[in-house]
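Asks: Dropping in structure18.cif, with mmCIF, C-alpha atoms.
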```cif
data_entry
#
loop_
_atom_site.label_atom_id
_atom_site.label_comp_id
_atom_site.auth_asym_id
_atom_site.auth_seq_id
_atom_site.Cartn_x
_atom_site.Cartn_y
_atom_site.Cartn_z
CA LEU A 1 3.52 12.81 -1.65
CA PHE A 2 -0.23 13.02 -1.15
CA GLY A 3 -2.55 11.03 1.05
CA LEU A 4 -6.20 10.70 1.94
CA THR A 5 -6.97 10.43 5.65
CA GLY A 6 -9.52 8.09 7.20
CA SER A 7 -11.90 11.04 7.42
CA GLY A 8 -11.30 11.82 3.74
CA ARG A 9 -9.10 14.89 3.97
CA LEU A 10 -6.56 15.39 1.20
CA LYS A 11 -3.07 15.88 2.66
CA ILE A 12 0.38 16.70 1.31
CA ILE A 13 3.70 16.01 3.02
CA ASP A 14 5.98 18.91 3.83
CA GLU A 15 9.35 17.33 3.09
CA ASP A 16 11.27 19.89 5.16
CA THR A 17 9.33 19.32 8.37
CA THR A 18 7.99 15.80 7.56
CA THR A 19 4.52 16.89 8.64
CA TRP A 20 1.24 16.38 6.81
CA ASN A 21 -0.70 19.49 5.85
CA ASP A 22 -4.21 19.90 4.48
CA VAL A 23 -4.12 20.73 0.77
CA ASP A 24 -6.94 23.21 1.40
CA ASN A 25 -7.77 24.28 4.94
CA SER A 26 -10.94 26.09 3.89
CA GLN A 27 -12.68 23.13 2.26
CA SER A 28 -14.53 20.50 4.23
CA SER A 29 -13.53 16.87 3.89
CA ILE A 30 -14.05 15.15 0.55
CA GLY A 31 -14.96 12.07 2.54
CA GLY A 32 -13.72 9.51 0.02
CA ASN A 33 -12.08 6.16 0.58
CA GLY A 34 -10.00 5.65 -2.58
CA PHE A 35 -7.31 7.91 -4.03
CA ALA A 36 -5.23 7.72 -7.22
CA ILE A 37 -3.20 10.05 -9.41
CA ASP A 38 -3.05 9.38 -13.14
CA ASN A 39 -0.11 9.77 -15.50
CA TYR A 40 -1.10 13.39 -16.18
CA ARG A 41 -1.16 14.34 -12.45
CA ARG A 42 -4.95 14.34 -12.32
CA ALA A 43 -6.09 13.22 -8.89
CA TYR A 44 -9.19 11.09 -8.32
CA VAL A 45 -11.13 10.21 -5.20
CA THR A 46 -13.79 7.49 -4.98
CA LYS A 47 -16.69 7.60 -2.56
CA ALA A 48 -19.67 5.24 -2.72
CA SER A 49 -20.86 5.41 -6.35
CA LYS A 50 -19.08 8.70 -7.11
CA LEU A 51 -15.76 9.57 -8.70
CA TYR A 52 -14.28 13.01 -8.14
CA GLU A 53 -11.41 14.76 -9.91
CA VAL A 54 -9.60 16.88 -7.33
CA ASP A 55 -7.12 19.70 -7.91
CA LEU A 56 -3.87 18.72 -6.17
CA GLN A 57 -2.94 22.37 -5.54
CA THR A 58 -6.19 23.55 -3.99
CA GLY A 59 -8.13 20.44 -2.98
CA VAL A 60 -11.13 21.74 -4.93
CA ILE A 61 -13.36 19.18 -6.63
CA LEU A 62 -13.08 19.87 -10.37
CA GLU A 63 -15.56 17.27 -11.63
CA GLU A 64 -17.93 14.68 -10.25
CA TRP A 65 -19.20 11.56 -12.01
CA GLU A 66 -21.78 8.92 -11.14
CA LEU A 67 -20.21 5.50 -11.75
CA ASN A 68 -23.46 3.52 -11.76
CA THR A 69 -24.92 2.51 -15.11
CA PRO A 70 -28.19 0.73 -15.93
CA GLY A 71 -27.69 -2.82 -14.68
CA LEU A 72 -24.52 -2.05 -12.70
CA THR A 73 -24.36 -0.77 -9.15
CA VAL A 74 -20.94 0.48 -8.07
CA ARG A 75 -19.98 1.10 -4.44
CA SER A 76 -16.33 1.88 -3.75
CA SER A 77 -15.03 -0.76 -1.39
CA GLY A 78 -11.96 1.23 -0.56
CA ASP A 79 -9.36 1.82 -3.21
CA CYS A 80 -8.62 2.73 -6.79
CA VAL A 81 -5.52 2.68 -8.95
CA VAL A 82 -4.21 3.96 -12.27
CA ASN A 83 -1.77 1.66 -14.06
CA LYS A 84 1.10 2.65 -16.38
CA ASN A 85 -1.30 2.54 -19.36
CA ASN A 86 -3.39 5.17 -17.54
CA SER A 87 -6.27 2.72 -17.04
CA PHE A 88 -8.36 3.39 -13.94
CA TYR A 89 -9.58 0.47 -11.78
CA MET A 90 -11.39 0.24 -8.48
CA THR A 91 -13.03 -2.40 -6.33
CA SER A 92 -16.75 -2.32 -5.62
CA SER A 93 -18.55 -3.86 -2.66
CA ALA A 94 -21.99 -3.75 -4.31
CA SER A 95 -21.92 -7.58 -4.64
CA PRO A 96 -21.38 -10.02 -1.76
CA LEU A 97 -17.72 -10.32 -2.85
CA ASP A 98 -15.80 -7.42 -4.40
CA ASP A 99 -16.14 -6.69 -8.11
CA LEU A 100 -13.32 -5.22 -10.18
CA ILE A 101 -14.52 -2.10 -11.98
CA TYR A 102 -12.83 -0.37 -14.91
CA VAL A 103 -13.69 3.29 -15.40
CA ASP A 104 -14.21 4.05 -19.07
CA PRO A 105 -12.29 7.29 -19.82
CA ALA A 106 -14.71 8.27 -22.61
CA THR A 107 -17.83 8.14 -20.41
CA MET A 108 -16.37 8.12 -16.87
CA LYS A 109 -18.81 5.29 -16.07
CA GLY A 110 -18.04 2.05 -14.32
CA VAL A 111 -17.63 -1.11 -16.42
CA LEU A 112 -17.81 -4.46 -14.66
CA VAL A 113 -14.67 -6.51 -15.33
CA GLY A 114 -15.84 -9.36 -13.07
CA ASN A 115 -16.06 -10.62 -9.53
CA THR A 116 -12.80 -11.15 -7.66
CA GLY A 117 -14.09 -13.88 -5.33
CA PHE A 118 -12.68 -11.97 -2.35
CA ASP A 119 -14.15 -9.46 0.08
CA ALA A 120 -12.90 -6.18 1.56
CA ILE A 121 -10.18 -5.38 -0.99
CA TYR A 122 -9.20 -2.06 0.50
CA GLY A 123 -5.82 -1.69 -1.22
CA LEU A 124 -5.04 -1.75 -4.95
CA THR A 125 -1.76 -1.14 -6.69
CA ALA A 126 -0.45 -1.60 -10.22
CA ALA A 127 3.17 -2.66 -10.32
CA TRP A 128 5.53 -4.55 -12.62
CA GLY A 129 2.76 -5.14 -15.17
CA ASN A 130 0.38 -6.64 -12.59
CA LEU A 131 -2.63 -5.53 -10.58
CA TYR A 132 -2.42 -6.39 -6.87
CA GLY A 133 -5.01 -6.19 -4.12
CA LEU A 134 -4.70 -6.26 -0.35
CA ASN A 135 -7.67 -6.95 1.86
CA SER A 136 -8.74 -6.43 5.44
CA THR A 137 -7.94 -10.04 6.41
CA GLY A 138 -4.31 -9.84 5.24
CA LYS A 139 -4.49 -11.46 1.83
CA LEU A 140 -2.15 -10.36 -0.95
CA LEU A 141 -4.00 -10.92 -4.23
CA LEU A 142 -2.99 -10.98 -7.88
CA ILE A 143 -5.92 -9.69 -9.96
CA ASP A 144 -6.22 -10.12 -13.73
CA PRO A 145 -7.34 -6.66 -15.00
CA ASN A 146 -9.02 -8.25 -18.04
CA THR A 147 -11.12 -10.91 -16.27
CA ALA A 148 -10.96 -10.10 -12.52
CA GLU A 149 -9.70 -13.66 -11.93
CA THR A 150 -7.94 -13.40 -8.60
CA VAL A 151 -5.25 -15.60 -7.05
CA GLU A 152 -4.22 -15.43 -3.41
CA LEU A 153 -0.44 -15.01 -3.27
CA HIS A 154 0.04 -14.81 0.49
CA ASP A 155 -1.92 -14.54 3.71
CA PHE A 156 -0.30 -12.08 6.14
CA PRO A 157 -1.34 -11.77 9.82
CA LEU A 158 -2.29 -8.11 9.17
CA SER A 159 -5.19 -5.98 7.98
CA PHE A 160 -4.61 -3.76 4.95
CA TYR A 161 -6.44 -0.52 4.20
CA GLY A 162 -4.44 0.87 1.29
CA ALA A 163 -1.64 0.10 -1.14
CA ALA A 164 0.94 1.88 -3.26
CA SER A 165 3.99 1.06 -5.32
CA THR A 166 7.24 2.78 -6.12
CA ALA A 167 7.76 5.13 -9.05
CA ASN A 168 9.78 2.48 -10.93
CA ARG A 169 6.89 0.03 -10.85
#
```
Please re-express this file's structure in structure tokens.

Replies:
Amino acid sequence: LFGLTGSGRLKIIDEDTTTWNDVDNSQSSIGGNGFAIDNYRRAYVTKASKLYEVDLQTGVILEEWELNTPGLTVRSSGDCVVNKNNSFYMTSSASPLDDLIYVDPATMKGVLVGNTGFDAIYGLTAAWGNLYGLNSTGKLLLIDPNTAETVELHDFPLSFYGAASTANR
């Protein structure tokens, strides 16, 4: 189990002691705000308009990509997710309301799917064939990954800053 702290440090759980340890104590914080692992165990961190591939054993940044393209400004609003088809999505706060961004695996550039109509989507998860978002005002959202059309499913009296699903999602 891996996690990204609020300060952007990559952590791994020690199952024997149930304590969190830095993946690499010698490297300074990545500083990202979104974290996902793809179906091939490649780890990705989003930060502003950047996407980083990070080695899960060492914490070293293996590659860095600029997500912006001509005509599209991307700014990670807080989370990213890889679905079972190994498609990478993230939310971007570059517009007044969050955009859904697909990352093209051939170019590693952001592709605008559309605007979600909601703000501060800080949690994304792909589960049971759906894409879900959670935001800072407690809304559970169902997001269409093809159009970004978003439906509010529930309004919880909580703030969300991340999301995940089980392995049998």

Asks: Using all atoms listed in the file for the distances, tell me which of A:Leu1, A:Ala126, A:Leu141, A:Leu158 is nearest to Asp14 of chain A.

Replies: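 Nearest to Asp14 of chain A: A:Leu1.
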
Asks: For the structure shown, which residues end up in the PyMOL selection byres ((chain A and resi 105-112) around 9)? Put them as a PyMOL selection string, please?

Replies: chain A and resi 51+65-69+72-74+87-89+99-104+113-115

Asks: Nearest to Leu124 of chain A among A:Asn146, A:Ser136, A:Thr91, A:Asn39, with distances taken over only C-alpha atoms: which residue is it?

Replies: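 Result for the nearest residue to Leu124 of chain A: A:Thr91.
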
Asks: Name the residues that the PyMOL selection byres ((chain A and resi 137) around 12) pulls out of this structure, and write them as a list in words.

Replies: Phe118, Asp119, Ala120, Ile121, Tyr122, Gly123, Gly133, Leu134, Asn135, Ser136, Gly138, Lys139, Leu140, Leu141, Glu152, His154, Asp155, Phe156, Pro157, Leu158, Ser159, Phe160 and Tyr161 of chain A

Asks: Kindly compute an axis-aligned box around the listed atoms of segment 80-85 of chain A, allowing 8 Å on each side, and express its centre and edge lengths in Å to one decimal as AutoDock Vina command-line options.

Replies:
```
--center_x -3.8 --center_y 2.8 --center_z -13.1 --size_x 25.7 --size_y 18.3 --size_z 28.6
```

Asks: Here's the selection I'm unsure about, the PyMOL selection byres ((chain A and resi 32) around 6); applied to the file above, which residues does it give, as a VMD selection string?

Replies: chain A and resid 8 30 to 31 33 to 34 45 to 47

Asks: To one decimal place in Å, what is the distance between atom CA of Pro145 of chain A and atom CA of Tyr40 of chain A?

Replies: 21.0 Å

Asks: Quote the spacing between atom CA of Lys11 of chain A and atom CA of Val23 of chain A in Å to one decimal place.

Replies: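 Pair atom CA of Lys11 of chain A / atom CA of Val23 of chain A returns 5.3 Å.
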
Asks: Give me, as a VMD selection string, all polymer residues having an atom no more than 12 Å from Asp24 of chain A, counting all atoms listed in the file and skipping those fewer than 2 positions away in the same chain.

Replies: chain A and resid 9 to 12 20 to 22 26 to 30 54 to 61

Asks: Just the number, please: distance in Å from atom CA of Gly117 of chain A to atom CA of Ile143 of chain A, one decimal.

Replies: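 Interatomic distance here is 10.3 Å.
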
Asks: When distances are computed from all atoms listed in the file, which of A:Thr147, A:Asn85, A:Ser92, A:Ser77 shows the smallest separation from Asp38 of chain A?

Replies: A:Asn85

Asks: Check the smallest atom-to-atom distance from each of A:Asn130, A:Thr18, A:Ser165, A:Ser49 to Met90 of chain A using all atoms listed in the file, then report the winner.

Replies: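 Of A:Asn130, A:Thr18, A:Ser165, A:Ser49, the one nearest Met90 of chain A is A:Ser49, counting all atoms listed in the file.
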
Asks: Taking all atoms listed in the file into account, which of A:Ala164, A:Thr116, A:Pro96, A:Gly71 comes nearest Val151 of chain A?

Replies: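 Result for the nearest residue to Val151 of chain A: A:Thr116.
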